[in-house]
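J.: Below is the file run.txt, which contains compact mmCIF, N, CA and C atoms.
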# COMPACT_ATOMS: atom_id res chain seq x y z
N MET A 1 106.46 80.03 71.82
CA MET A 1 107.74 80.69 71.57
C MET A 1 107.70 82.15 72.01
N ALA A 2 106.58 82.84 71.77
CA ALA A 2 106.49 84.25 72.15
C ALA A 2 106.60 84.42 73.67
N GLN A 3 105.98 83.51 74.43
CA GLN A 3 106.06 83.62 75.88
C GLN A 3 107.50 83.46 76.34
N GLN A 4 108.25 82.54 75.75
CA GLN A 4 109.65 82.35 76.12
C GLN A 4 110.45 83.63 75.86
N GLN A 5 110.15 84.30 74.76
CA GLN A 5 110.84 85.56 74.46
C GLN A 5 110.47 86.63 75.48
N ASP A 6 109.19 86.66 75.89
CA ASP A 6 108.76 87.61 76.92
C ASP A 6 109.51 87.36 78.22
N LEU A 7 109.63 86.09 78.60
CA LEU A 7 110.33 85.75 79.84
C LEU A 7 111.78 86.22 79.79
N GLN A 8 112.45 85.96 78.68
CA GLN A 8 113.83 86.40 78.53
C GLN A 8 113.94 87.92 78.55
N THR A 9 112.99 88.58 77.90
CA THR A 9 112.98 90.04 77.87
C THR A 9 112.82 90.59 79.28
N TRP A 10 111.88 90.04 80.06
CA TRP A 10 111.66 90.52 81.43
C TRP A 10 112.90 90.29 82.29
N PHE A 11 113.55 89.13 82.08
CA PHE A 11 114.78 88.85 82.84
C PHE A 11 115.88 89.85 82.46
N ASP A 12 116.06 90.07 81.17
CA ASP A 12 117.09 91.02 80.71
C ASP A 12 116.79 92.43 81.20
N GLN A 13 115.52 92.83 81.14
CA GLN A 13 115.15 94.16 81.62
C GLN A 13 115.41 94.28 83.12
N GLY A 14 115.06 93.24 83.86
CA GLY A 14 115.30 93.25 85.30
C GLY A 14 116.78 93.42 85.62
N ASN A 15 117.62 92.70 84.91
CA ASN A 15 119.07 92.81 85.13
C ASN A 15 119.60 94.19 84.75
N THR A 16 119.09 94.73 83.65
CA THR A 16 119.51 96.07 83.23
C THR A 16 119.10 97.11 84.26
N LEU A 17 117.86 97.03 84.73
CA LEU A 17 117.38 97.96 85.74
C LEU A 17 118.17 97.82 87.04
N PHE A 18 118.50 96.60 87.40
CA PHE A 18 119.34 96.38 88.58
C PHE A 18 120.68 97.09 88.40
N GLY A 19 121.25 96.95 87.22
CA GLY A 19 122.56 97.54 86.93
C GLY A 19 122.58 99.05 87.03
N ILE A 20 121.44 99.69 86.78
CA ILE A 20 121.38 101.16 86.88
C ILE A 20 120.70 101.59 88.19
N LYS A 21 120.64 100.65 89.12
CA LYS A 21 120.16 100.90 90.48
C LYS A 21 118.69 101.31 90.56
N ARG A 22 117.89 100.85 89.62
CA ARG A 22 116.44 101.06 89.69
C ARG A 22 115.83 99.76 90.22
N PHE A 23 116.08 99.52 91.49
CA PHE A 23 115.79 98.24 92.11
C PHE A 23 114.29 97.93 92.15
N ASP A 24 113.47 98.93 92.43
CA ASP A 24 112.03 98.67 92.48
C ASP A 24 111.49 98.24 91.13
N SER A 25 111.98 98.85 90.06
CA SER A 25 111.56 98.46 88.72
C SER A 25 112.10 97.09 88.34
N ALA A 26 113.31 96.79 88.79
CA ALA A 26 113.89 95.46 88.53
C ALA A 26 113.04 94.38 89.20
N ILE A 27 112.65 94.62 90.44
CA ILE A 27 111.82 93.65 91.16
C ILE A 27 110.50 93.45 90.42
N ALA A 28 109.92 94.52 89.91
CA ALA A 28 108.66 94.41 89.17
C ALA A 28 108.82 93.51 87.94
N ARG A 29 109.95 93.63 87.24
CA ARG A 29 110.19 92.77 86.07
C ARG A 29 110.38 91.31 86.48
N PHE A 30 111.15 91.10 87.55
CA PHE A 30 111.36 89.73 88.02
C PHE A 30 110.04 89.12 88.51
N ASP A 31 109.22 89.92 89.18
CA ASP A 31 107.92 89.42 89.65
C ASP A 31 107.03 89.04 88.47
N ARG A 32 107.07 89.84 87.44
CA ARG A 32 106.27 89.53 86.25
C ARG A 32 106.72 88.21 85.63
N LEU A 33 108.02 88.02 85.53
CA LEU A 33 108.56 86.78 85.00
C LEU A 33 108.16 85.60 85.90
N LEU A 34 108.31 85.78 87.20
CA LEU A 34 108.03 84.69 88.14
C LEU A 34 106.55 84.33 88.20
N ALA A 35 105.68 85.27 87.86
CA ALA A 35 104.25 84.96 87.80
C ALA A 35 103.96 83.94 86.71
N CYS A 36 104.76 83.96 85.66
CA CYS A 36 104.59 83.03 84.53
C CYS A 36 105.48 81.80 84.66
N GLU A 37 106.64 81.97 85.26
CA GLU A 37 107.64 80.90 85.37
C GLU A 37 108.21 80.87 86.78
N PRO A 38 107.45 80.31 87.73
CA PRO A 38 107.87 80.38 89.13
C PRO A 38 109.13 79.57 89.47
N LYS A 39 109.62 78.77 88.57
CA LYS A 39 110.82 77.98 88.83
C LYS A 39 112.08 78.59 88.20
N HIS A 40 112.01 79.84 87.86
CA HIS A 40 113.17 80.54 87.28
C HIS A 40 114.10 80.98 88.41
N PHE A 41 115.04 80.11 88.75
CA PHE A 41 115.88 80.33 89.94
C PHE A 41 116.72 81.60 89.84
N GLN A 42 117.14 81.95 88.63
CA GLN A 42 117.96 83.16 88.49
C GLN A 42 117.14 84.42 88.79
N ALA A 43 115.89 84.42 88.37
CA ALA A 43 115.03 85.57 88.66
C ALA A 43 114.81 85.70 90.16
N TRP A 44 114.62 84.57 90.85
CA TRP A 44 114.48 84.61 92.31
C TRP A 44 115.73 85.20 92.94
N CYS A 45 116.88 84.78 92.46
CA CYS A 45 118.14 85.25 93.03
C CYS A 45 118.33 86.75 92.81
N TRP A 46 118.13 87.21 91.58
CA TRP A 46 118.34 88.63 91.29
C TRP A 46 117.27 89.48 91.94
N ARG A 47 116.08 88.93 92.12
CA ARG A 47 115.03 89.61 92.89
C ARG A 47 115.54 89.83 94.32
N GLY A 48 116.15 88.79 94.88
CA GLY A 48 116.72 88.90 96.22
C GLY A 48 117.81 89.95 96.29
N CYS A 49 118.64 90.00 95.28
CA CYS A 49 119.71 91.01 95.26
C CYS A 49 119.13 92.42 95.27
N ALA A 50 118.09 92.63 94.47
CA ALA A 50 117.46 93.95 94.41
C ALA A 50 116.81 94.29 95.75
N LEU A 51 116.13 93.33 96.34
CA LEU A 51 115.51 93.56 97.65
C LEU A 51 116.57 93.91 98.69
N TYR A 52 117.68 93.21 98.67
CA TYR A 52 118.77 93.48 99.60
C TYR A 52 119.28 94.92 99.44
N GLU A 53 119.46 95.33 98.20
CA GLU A 53 119.96 96.68 97.93
C GLU A 53 118.99 97.75 98.43
N MET A 54 117.69 97.40 98.49
CA MET A 54 116.69 98.34 98.98
C MET A 54 116.54 98.29 100.50
N GLY A 55 117.28 97.38 101.15
CA GLY A 55 117.24 97.29 102.59
C GLY A 55 116.25 96.29 103.16
N PHE A 56 115.69 95.46 102.30
CA PHE A 56 114.71 94.45 102.73
C PHE A 56 115.40 93.09 102.88
N GLN A 57 116.19 92.95 103.94
CA GLN A 57 117.02 91.77 104.11
C GLN A 57 116.20 90.48 104.25
N GLU A 58 115.16 90.50 105.05
CA GLU A 58 114.38 89.28 105.27
C GLU A 58 113.71 88.82 103.98
N GLU A 59 113.15 89.76 103.22
CA GLU A 59 112.52 89.42 101.96
C GLU A 59 113.56 88.91 100.95
N ALA A 60 114.76 89.52 101.01
CA ALA A 60 115.83 89.08 100.12
C ALA A 60 116.22 87.64 100.43
N ILE A 61 116.38 87.33 101.70
CA ILE A 61 116.74 85.97 102.08
C ILE A 61 115.68 84.98 101.62
N ALA A 62 114.41 85.36 101.73
CA ALA A 62 113.33 84.48 101.27
C ALA A 62 113.45 84.20 99.77
N SER A 63 113.85 85.20 99.00
CA SER A 63 114.04 84.99 97.56
C SER A 63 115.23 84.08 97.29
N PHE A 64 116.32 84.26 98.04
CA PHE A 64 117.47 83.38 97.85
C PHE A 64 117.12 81.94 98.22
N VAL A 65 116.36 81.77 99.28
CA VAL A 65 115.93 80.43 99.70
C VAL A 65 115.08 79.79 98.61
N GLN A 66 114.19 80.58 98.01
CA GLN A 66 113.35 80.05 96.93
C GLN A 66 114.22 79.61 95.75
N ALA A 67 115.23 80.40 95.40
CA ALA A 67 116.14 80.02 94.32
C ALA A 67 116.84 78.70 94.64
N LEU A 68 117.24 78.54 95.90
CA LEU A 68 117.96 77.33 96.31
C LEU A 68 117.05 76.11 96.38
N LYS A 69 115.76 76.31 96.62
CA LYS A 69 114.82 75.19 96.56
C LYS A 69 114.74 74.63 95.15
N ILE A 70 114.86 75.51 94.18
CA ILE A 70 114.77 75.11 92.77
C ILE A 70 116.09 74.54 92.29
N LYS A 71 117.19 75.21 92.65
CA LYS A 71 118.52 74.76 92.22
C LYS A 71 119.45 74.81 93.43
N PRO A 72 119.51 73.71 94.18
CA PRO A 72 120.24 73.69 95.46
C PRO A 72 121.73 74.03 95.38
N LYS A 73 122.34 73.88 94.24
CA LYS A 73 123.77 74.15 94.13
C LYS A 73 124.07 75.48 93.43
N TYR A 74 123.11 76.37 93.40
CA TYR A 74 123.31 77.67 92.74
C TYR A 74 124.17 78.56 93.64
N SER A 75 125.42 78.69 93.30
CA SER A 75 126.40 79.32 94.18
C SER A 75 126.11 80.80 94.45
N LEU A 76 125.59 81.51 93.47
CA LEU A 76 125.31 82.94 93.69
C LEU A 76 124.25 83.10 94.78
N ALA A 77 123.24 82.26 94.78
CA ALA A 77 122.21 82.35 95.81
C ALA A 77 122.77 82.01 97.17
N TRP A 78 123.64 81.02 97.24
CA TRP A 78 124.29 80.69 98.54
C TRP A 78 125.14 81.86 99.02
N GLN A 79 125.90 82.44 98.10
CA GLN A 79 126.77 83.57 98.46
C GLN A 79 125.95 84.74 98.97
N ARG A 80 124.91 85.10 98.23
CA ARG A 80 124.10 86.25 98.62
C ARG A 80 123.29 85.98 99.88
N ARG A 81 122.87 84.76 100.06
CA ARG A 81 122.11 84.39 101.25
C ARG A 81 122.96 84.58 102.50
N GLY A 82 124.23 84.27 102.38
CA GLY A 82 125.14 84.38 103.52
C GLY A 82 125.36 85.79 103.90
Translate this structure into structure tokens?
T.:
Amino acid sequence: MAQQQDLQTWFDQGNTLFGIKRFDSAIARFDRLLACEPKHFQAWCWRGCALYEMGFQEEAIASFVQALKIKPKYSLAWQRRG
């Protein structure tokens, strides 16, 4: 149960940091989450969004593709990938 709370906390922190444009810190939180839960498609997607905002388009697309491998109909990842 504690690990699940950590995962949610890292996801929430990543989203909050993204919202205040601290993209590098957001990516670090998403990476930490993904190290424990590599099938967290939303973390992959938001990681891609942060990478895109930092100007790393190819890396961002790779994150969106990873999200879509996990959840093929995830519309946000399709939208951002495009």
J.: Around (113.3, 94.2, 84.3) in the file's own coordinates, what residues are found within 8 Å if you use only C-alpha atoms, given back as a ChimeraX atom specification?
T.: /A:9-18,25-30
J.: So which residues of chain A fall under alpha helix (DSSP H) by DSSP, listed as a PyMOL selection string?
T.: chain A and resi 2-19+23-36+41-53+57-70+75-81
J.: Give me the box for region 5-20 of chain A as AutoDock Vina command-line options, namely the centre and edge lengths in Å to one decimal of a box along x, y and z that holds every listed atom plus 4 Å on each side.
T.:
--center_x 115.7 --center_y 92.9 --center_z 81.5 --size_x 21.8 --size_y 25.3 --size_z 22.1
J.: Using only C-alpha atoms, can you tell me which of A:Trp44, A:Pro38, A:Arg22, A:Glu53 comes closest to Ala67 (chain A)?
T.: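 The closest residue to Ala67 (chain A) is A:Trp44.
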J.: Dig up all the protein and nucleic acid residues within 10 Å of (119.6, 84.7, 90.0) in the file frame, using only C-alpha atoms, and format them as number ranges by chain.
T.: A: 11, 15, 30, 40-49, 63-64, 67-68, 74-77, 80
J.: Between CA of Glu37 (chain A) and CA of Val65 (chain A), what is the distance in Å, rounded to a tenth?
T.: 16.6 Å
J.: Which one is closest to Ala50 (chain A): A:Asp6, A:Lys73, A:Lys21, A:Asp31? Count only C-alpha atoms.
T.: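 With only C-alpha atoms as the atom set, the closest residue is A:Lys21.
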J.: How many Å separate CA of Leu51 (chain A) from CA of Phe23 (chain A)?
T.: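 For CA of Leu51 (chain A) relative to CA of Phe23 (chain A), the distance reads 7.3 Å.
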J.: Just to confirm, what's the straight-line distance from atom N of Trp78 (chain A) to atom N of Arg32 (chain A) in Å (one decimal)?
T.: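 Atom N of Trp78 (chain A) sits 21.2 Å away from atom N of Arg32 (chain A).
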